[in-house]
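Structure record follows, encoded as structure tokens.
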Amino acid sequence: MKFGVSAYNYQRYDIGSFDAAEKAKKAGFDYIDFLDLQEVEGEDLKDTARRLREHCDQVGIEIGCYTVQADFLWGSGGDLNAEIERIKKKVDIAEALGVHLMRHDGSTGWPEGKEGTFDEAVVRISTASRELTAYAEQKGIRTMVENHGHYCQASERMEKIWRAVNHPNFGLLADMGNFMVVDEDPAEALTRLMPMTFMVHCKDFCLKPADADPGEGWWLKSLGGTQMKGCIFGHGDLDVKKYLAIVHQFGYDNGLTLEFEGLEDVEVGNRIGLANMKRYWEELENAKA
């Protein structure tokens, strides 16, 4: 198993992708996942991506996935074809990076004044996702949506999208922590989604009831009101060892990516989180042997 980190973890440092790659390598990660690359004045973004790929080769770290924002209900002013074409350009960036996996969003929900049902949303999301994954397949890239952004976060909704797309090049990115944001048991969600999952994110949260008053730092609430804050992987209230056991049970071996949203120092959170991921997975491997 390879163990990676999202460049998202380093955003607090206000550093660029090149520096994040160096920090990730120094911390002991096998790969790094990059977010939407930023324009460099006077340089085509594909050239920036090629330079970043070369830099990672020199540093000695792989690039696992390219993650981009998308919304097939209201993105590009609600023009679905325009949003599809916009994301196709992101696929071109992923190709320049040399990755074989790309994650795009589905939607955060219907825009005000154009509310519809989720089934109606699935039609637009799946139509766009199918066209994009067919385009990406020509470049050797598999595409995914993630349980992210409330609207498409529950496992039942994720499965609906996957079934509607119905393309072998399209799968899911399962973030074990994100299911809690919609008050879903991650164990049940992972059991449902692992057969269609291309990538797994490892994340942990501390939880308190809705009527608690924990003070500063508890920045997230679930749909049901549970108060949440990110923490070091293995330090929170989520049964992450159980979730990893489910992932392991399905024979998954495509890399585990650490996402850290805690108040602790990023380097500390990454170091301890990586050590815990490795140890928990090693225990599962030893038990299997």
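Just remember, in the structure tokens the first chain shown is A, the second B, etc., residues are 1-based per chain, and ligands are 1-based in the order shown.
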Any chance you could tabulate, as JSON lines, the residues of stretch 128-229 of chain A at most 12 Å from stretch 29-43 of chain A with each one's nearest atom pair and distance in Å to one decimal, using only C-alpha atoms, in chain and rising number order?
```
{"residue": "A:Met199", "atom": "CA", "partner": "A:Asp33", "partner_atom": "CA", "distance": 11.2}
{"residue": "A:Val200", "atom": "CA", "partner": "A:Asp33", "partner_atom": "CA", "distance": 11.9}
{"residue": "A:His201", "atom": "CA", "partner": "A:Asp33", "partner_atom": "CA", "distance": 10.7}
```
Include C-alpha atoms and write out the residues we just selected as an mmCIF file, in the first residue's frame.
```
data_model
loop_
_atom_site.group_PDB
_atom_site.id
_atom_site.type_symbol
_atom_site.label_atom_id
_atom_site.label_comp_id
_atom_site.auth_asym_id
_atom_site.auth_seq_id
_atom_site.Cartn_x
_atom_site.Cartn_y
_atom_site.Cartn_z
ATOM 1 C CA MET A 199 -9.567 6.193 -4.120
ATOM 2 C CA VAL A 200 -9.854 6.523 -0.319
ATOM 3 C CA HIS A 201 -9.257 9.571 1.891
#
```
- Message: For the structure I just gave you, how does DSSP split stretch 101-246 of chain A - specifically, which residues are helix (DSSP H, G or I)? Reply as an MDAnalysis selection string.
- Response: chainID A and resid 118:137 155:165 178:182 186:196 240:246
- Task: Pull the strand (DSSP E) assignments for stretch 22-94 of chain A out of DSSP run on the backbone, and list those residues as number ranges by chain.
- Result: A: 31-35, 62-68
- Please provide the set of residues having any atom within 12 Å of A:Leu193, restricted to only C-alpha atoms, with same-chain residues fewer than 5 positions apart removed, written as a PyMOL selection string. chain A and resi 145-147+153-163+171-176+179+186-188+198-200+246-247+250+252
- Query: Any idea what's packed within 12 Å of A:Ala70, counting only C-alpha atoms, ignoring anything in its chain fewer than 3 positions away? Could you give it as a ChimeraX atom specification?
  - Reply: /A:36,67,73-78,80,82-90,102-109,125,128-129,132,144-146,148-149
Write out the residues from the selection above, keeping N, CA, C and O atoms, as a compact mmCIF listing (two decimals), in the first residue's frame.
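Everything below was put into part_14.txt:
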```txt
# COMPACT_ATOMS: atom_id res chain seq x y z
N ASP A 36 -6.64 22.25 -7.75
CA ASP A 36 -6.62 23.15 -8.90
C ASP A 36 -5.35 24.01 -8.91
O ASP A 36 -5.12 24.78 -7.98
N THR A 67 -7.30 17.21 -8.23
CA THR A 67 -8.62 17.51 -7.69
C THR A 67 -9.08 18.89 -8.14
O THR A 67 -8.36 19.88 -7.93
N LEU A 73 -24.87 21.83 -11.70
CA LEU A 73 -26.18 22.45 -11.58
C LEU A 73 -26.12 23.96 -11.79
O LEU A 73 -27.01 24.53 -12.40
N TRP A 74 -25.09 24.60 -11.24
CA TRP A 74 -25.03 26.06 -11.39
C TRP A 74 -23.69 26.58 -11.90
O TRP A 74 -23.55 27.77 -12.16
N GLY A 75 -22.71 25.71 -12.08
CA GLY A 75 -21.42 26.15 -12.59
C GLY A 75 -21.51 26.74 -13.98
O GLY A 75 -22.42 26.41 -14.76
N SER A 76 -20.59 27.64 -14.30
CA SER A 76 -20.57 28.34 -15.60
C SER A 76 -21.92 29.01 -15.88
O SER A 76 -22.44 28.97 -17.00
N GLY A 77 -22.48 29.59 -14.83
CA GLY A 77 -23.75 30.30 -14.99
C GLY A 77 -24.93 29.41 -15.29
O GLY A 77 -25.95 29.88 -15.81
N GLY A 78 -24.82 28.13 -14.97
CA GLY A 78 -25.91 27.20 -15.23
C GLY A 78 -25.87 26.59 -16.62
O GLY A 78 -26.74 25.80 -16.98
N LEU A 80 -24.63 23.96 -18.76
CA LEU A 80 -24.02 22.65 -18.54
C LEU A 80 -22.91 22.37 -19.54
O LEU A 80 -21.84 21.88 -19.18
N ALA A 82 -21.04 24.47 -21.13
CA ALA A 82 -19.89 25.31 -20.83
C ALA A 82 -19.11 24.76 -19.64
O ALA A 82 -17.87 24.78 -19.63
N GLU A 83 -19.82 24.23 -18.64
CA GLU A 83 -19.13 23.67 -17.47
C GLU A 83 -18.39 22.39 -17.86
O GLU A 83 -17.27 22.15 -17.40
N ILE A 84 -18.98 21.59 -18.72
CA ILE A 84 -18.29 20.39 -19.20
C ILE A 84 -17.00 20.76 -19.93
O ILE A 84 -15.94 20.17 -19.69
N GLU A 85 -17.09 21.74 -20.81
CA GLU A 85 -15.90 22.16 -21.56
C GLU A 85 -14.84 22.74 -20.64
O GLU A 85 -13.64 22.54 -20.85
N ARG A 86 -15.27 23.45 -19.59
CA ARG A 86 -14.32 24.00 -18.63
C ARG A 86 -13.56 22.88 -17.91
O ARG A 86 -12.34 22.97 -17.73
N ILE A 87 -14.28 21.84 -17.54
CA ILE A 87 -13.63 20.74 -16.82
C ILE A 87 -12.79 19.89 -17.76
O ILE A 87 -11.78 19.29 -17.34
N LYS A 88 -13.14 19.83 -19.03
CA LYS A 88 -12.28 19.12 -19.99
C LYS A 88 -10.89 19.75 -20.01
O LYS A 88 -9.87 19.05 -20.15
N LYS A 89 -10.82 21.06 -19.88
CA LYS A 89 -9.52 21.74 -19.83
C LYS A 89 -8.75 21.34 -18.58
O LYS A 89 -7.51 21.28 -18.59
N LYS A 90 -9.48 21.03 -17.51
CA LYS A 90 -8.83 20.54 -16.29
C LYS A 90 -8.27 19.14 -16.51
O LYS A 90 -7.22 18.78 -15.97
N MET A 102 -8.40 11.65 -11.52
CA MET A 102 -8.83 13.04 -11.34
C MET A 102 -10.18 13.06 -10.65
O MET A 102 -11.09 12.31 -11.03
N ARG A 103 -10.29 13.90 -9.63
CA ARG A 103 -11.56 14.07 -8.93
C ARG A 103 -12.17 15.41 -9.26
O ARG A 103 -11.50 16.44 -9.20
N HIS A 104 -13.45 15.39 -9.66
CA HIS A 104 -14.21 16.64 -9.81
C HIS A 104 -15.45 16.53 -8.94
O HIS A 104 -15.93 15.44 -8.63
N ASP A 105 -16.00 17.66 -8.54
CA ASP A 105 -17.23 17.67 -7.76
C ASP A 105 -18.42 17.31 -8.64
O ASP A 105 -18.35 17.34 -9.88
N GLY A 106 -19.55 17.00 -7.98
CA GLY A 106 -20.81 16.83 -8.69
C GLY A 106 -21.61 18.12 -8.64
O GLY A 106 -21.79 18.80 -9.65
N SER A 107 -22.04 18.49 -7.44
CA SER A 107 -22.73 19.76 -7.23
C SER A 107 -22.91 20.00 -5.74
O SER A 107 -22.93 19.05 -4.94
N THR A 108 -23.08 21.25 -5.38
CA THR A 108 -23.44 21.61 -4.00
C THR A 108 -24.94 21.87 -3.88
O THR A 108 -25.41 22.26 -2.81
N GLY A 109 -25.68 21.64 -4.94
CA GLY A 109 -27.14 21.78 -4.88
C GLY A 109 -27.68 22.77 -5.90
O GLY A 109 -26.94 23.52 -6.53
N ILE A 125 -25.79 15.76 -13.52
CA ILE A 125 -24.48 15.37 -13.02
C ILE A 125 -23.94 14.17 -13.77
O ILE A 125 -22.76 14.13 -14.16
N ALA A 128 -22.93 15.00 -17.49
CA ALA A 128 -21.63 15.67 -17.55
C ALA A 128 -20.50 14.72 -17.20
O ALA A 128 -19.46 14.68 -17.88
N SER A 129 -20.68 13.95 -16.14
CA SER A 129 -19.62 13.04 -15.68
C SER A 129 -19.30 11.98 -16.72
O SER A 129 -18.14 11.58 -16.89
N LEU A 132 -17.29 13.60 -19.52
CA LEU A 132 -15.94 13.91 -19.05
C LEU A 132 -15.08 12.66 -18.90
O LEU A 132 -13.90 12.67 -19.25
N MET A 144 -13.52 10.67 -10.99
CA MET A 144 -14.27 10.33 -9.78
C MET A 144 -15.04 11.54 -9.29
O MET A 144 -14.67 12.68 -9.55
N VAL A 145 -16.11 11.28 -8.54
CA VAL A 145 -16.71 12.29 -7.68
C VAL A 145 -16.53 11.82 -6.23
O VAL A 145 -16.41 10.62 -5.98
N GLU A 146 -16.53 12.79 -5.33
CA GLU A 146 -16.27 12.52 -3.91
C GLU A 146 -17.52 12.81 -3.08
O GLU A 146 -18.33 13.66 -3.44
N HIS A 148 -18.73 14.82 -0.87
CA HIS A 148 -18.22 16.13 -0.47
C HIS A 148 -19.26 17.19 -0.80
O HIS A 148 -19.92 17.12 -1.83
N GLY A 149 -19.43 18.18 0.10
CA GLY A 149 -20.27 19.32 -0.22
C GLY A 149 -21.74 19.17 0.13
O GLY A 149 -22.58 19.82 -0.48
```
- Between atom CA of A:Ala121 and atom CA of A:Ala164, measure the distance and give it in Å to one decimal.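 So the two atoms, atom CA of A:Ala121 and atom CA of A:Ala164, lie 11.0 Å apart.
Ranking A:Val181, A:Val5, A:Ala245, A:Ala134 by their shortest atom-to-atom distance to A:Lys288, with only C-alpha atoms included, puts A:Ala245 first.
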- Pick from A:Gln58, A:Asn276, A:Thr133, A:Gln138 nearest to A:His167, counting only C-alpha atoms: A:Thr133
- Query: A:Ile63: which residues within 12 Å, counting only C-alpha atoms, same-chain residues fewer than 5 positions away excluded, as a ChimeraX atom specification?
  - Reply: /A:2-7,17-18,20-21,24-25,29-35,49-50,52-57,94-102,255,257
- Task: Kindly give the distance, in Å, that separates atom CA of A:Asn9 and atom CA of A:Gly225, rounded to a single decimal.
- Result: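 So the answer is 25.3 Å.
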- Item | Atomic distance atom CA of A:Val165 - atom CA of A:Glu120, expressed in Å with one decimal |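 Computed distance, atom CA of A:Val165 to atom CA of A:Glu120, equals 13.6 Å.
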- Test item: residues at most 9 Å from A:Met277, only C-alpha atoms, excluding those fewer than 3 positions along its chain, as a PyMOL selection string: chain A and resi 3+202+233-234+241+244+256+258+272-274+280-282
- For A:Gly177, list every protein, DNA or RNA residue within 7 Å, evaluated using only C-alpha atoms, and leave out those in the same chain fewer than 4 positions away; present the list as a ChimeraX atom specification. /A:202-205
Could you save the residues just selected, with all heavy atoms, as a PDB file, in the first residue's frame?
```
ATOM      1  N   CYS A 202      -8.354   9.383   4.126  1.00  0.00           N
ATOM      2  CA  CYS A 202      -8.357   9.104   5.551  1.00  0.00           C
ATOM      3  C   CYS A 202      -8.457  10.419   6.316  1.00  0.00           C
ATOM      4  O   CYS A 202      -7.592  11.287   6.185  1.00  0.00           O
ATOM      5  CB  CYS A 202      -7.083   8.366   5.959  1.00  0.00           C
ATOM      6  SG  CYS A 202      -6.959   6.703   5.255  1.00  0.00           S
ATOM      7  N   LYS A 203      -9.517  10.559   7.113  1.00  0.00           N
ATOM      8  CA  LYS A 203      -9.773  11.797   7.844  1.00  0.00           C
ATOM      9  C   LYS A 203     -10.448  11.455   9.160  1.00  0.00           C
ATOM     10  O   LYS A 203     -11.204  10.490   9.246  1.00  0.00           O
ATOM     11  CB  LYS A 203     -10.670  12.715   7.015  1.00  0.00           C
ATOM     12  CG  LYS A 203     -10.957  14.081   7.636  1.00  0.00           C
ATOM     13  CD  LYS A 203     -12.014  14.828   6.838  1.00  0.00           C
ATOM     14  CE  LYS A 203     -11.493  15.209   5.467  1.00  0.00           C
ATOM     15  NZ  LYS A 203     -12.530  15.854   4.626  1.00  0.00           N
ATOM     16  N   ASP A 204     -10.197  12.268  10.185  1.00  0.00           N
ATOM     17  CA  ASP A 204     -10.769  12.026  11.508  1.00  0.00           C
ATOM     18  C   ASP A 204     -11.382  13.315  12.041  1.00  0.00           C
ATOM     19  O   ASP A 204     -10.945  14.419  11.689  1.00  0.00           O
ATOM     20  CB  ASP A 204      -9.680  11.521  12.463  1.00  0.00           C
ATOM     21  CG  ASP A 204     -10.237  10.715  13.627  1.00  0.00           C
ATOM     22  OD1 ASP A 204     -11.473  10.706  13.804  1.00  0.00           O
ATOM     23  OD2 ASP A 204      -9.439  10.098  14.355  1.00  0.00           O
ATOM     24  N   PHE A 205     -12.408  13.164  12.890  1.00  0.00           N
ATOM     25  CA  PHE A 205     -13.076  14.305  13.513  1.00  0.00           C
ATOM     26  C   PHE A 205     -13.283  14.051  15.007  1.00  0.00           C
ATOM     27  O   PHE A 205     -13.488  12.905  15.429  1.00  0.00           O
ATOM     28  CB  PHE A 205     -14.458  14.540  12.900  1.00  0.00           C
ATOM     29  CG  PHE A 205     -14.465  15.157  11.531  1.00  0.00           C
ATOM     30  CD1 PHE A 205     -14.838  14.413  10.423  1.00  0.00           C
ATOM     31  CD2 PHE A 205     -14.105  16.479  11.349  1.00  0.00           C
ATOM     32  CE1 PHE A 205     -14.873  14.979   9.158  1.00  0.00           C
ATOM     33  CE2 PHE A 205     -14.125  17.055  10.082  1.00  0.00           C
ATOM     34  CZ  PHE A 205     -14.506  16.313   8.992  1.00  0.00           C
TER      35      PHE A 205
END
```
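Of the listed residues (A:Ile15, A:Met1, A:Cys231, A:Ile141), A:Ile141 comes nearest to A:Ile93; the distances count only C-alpha atoms.
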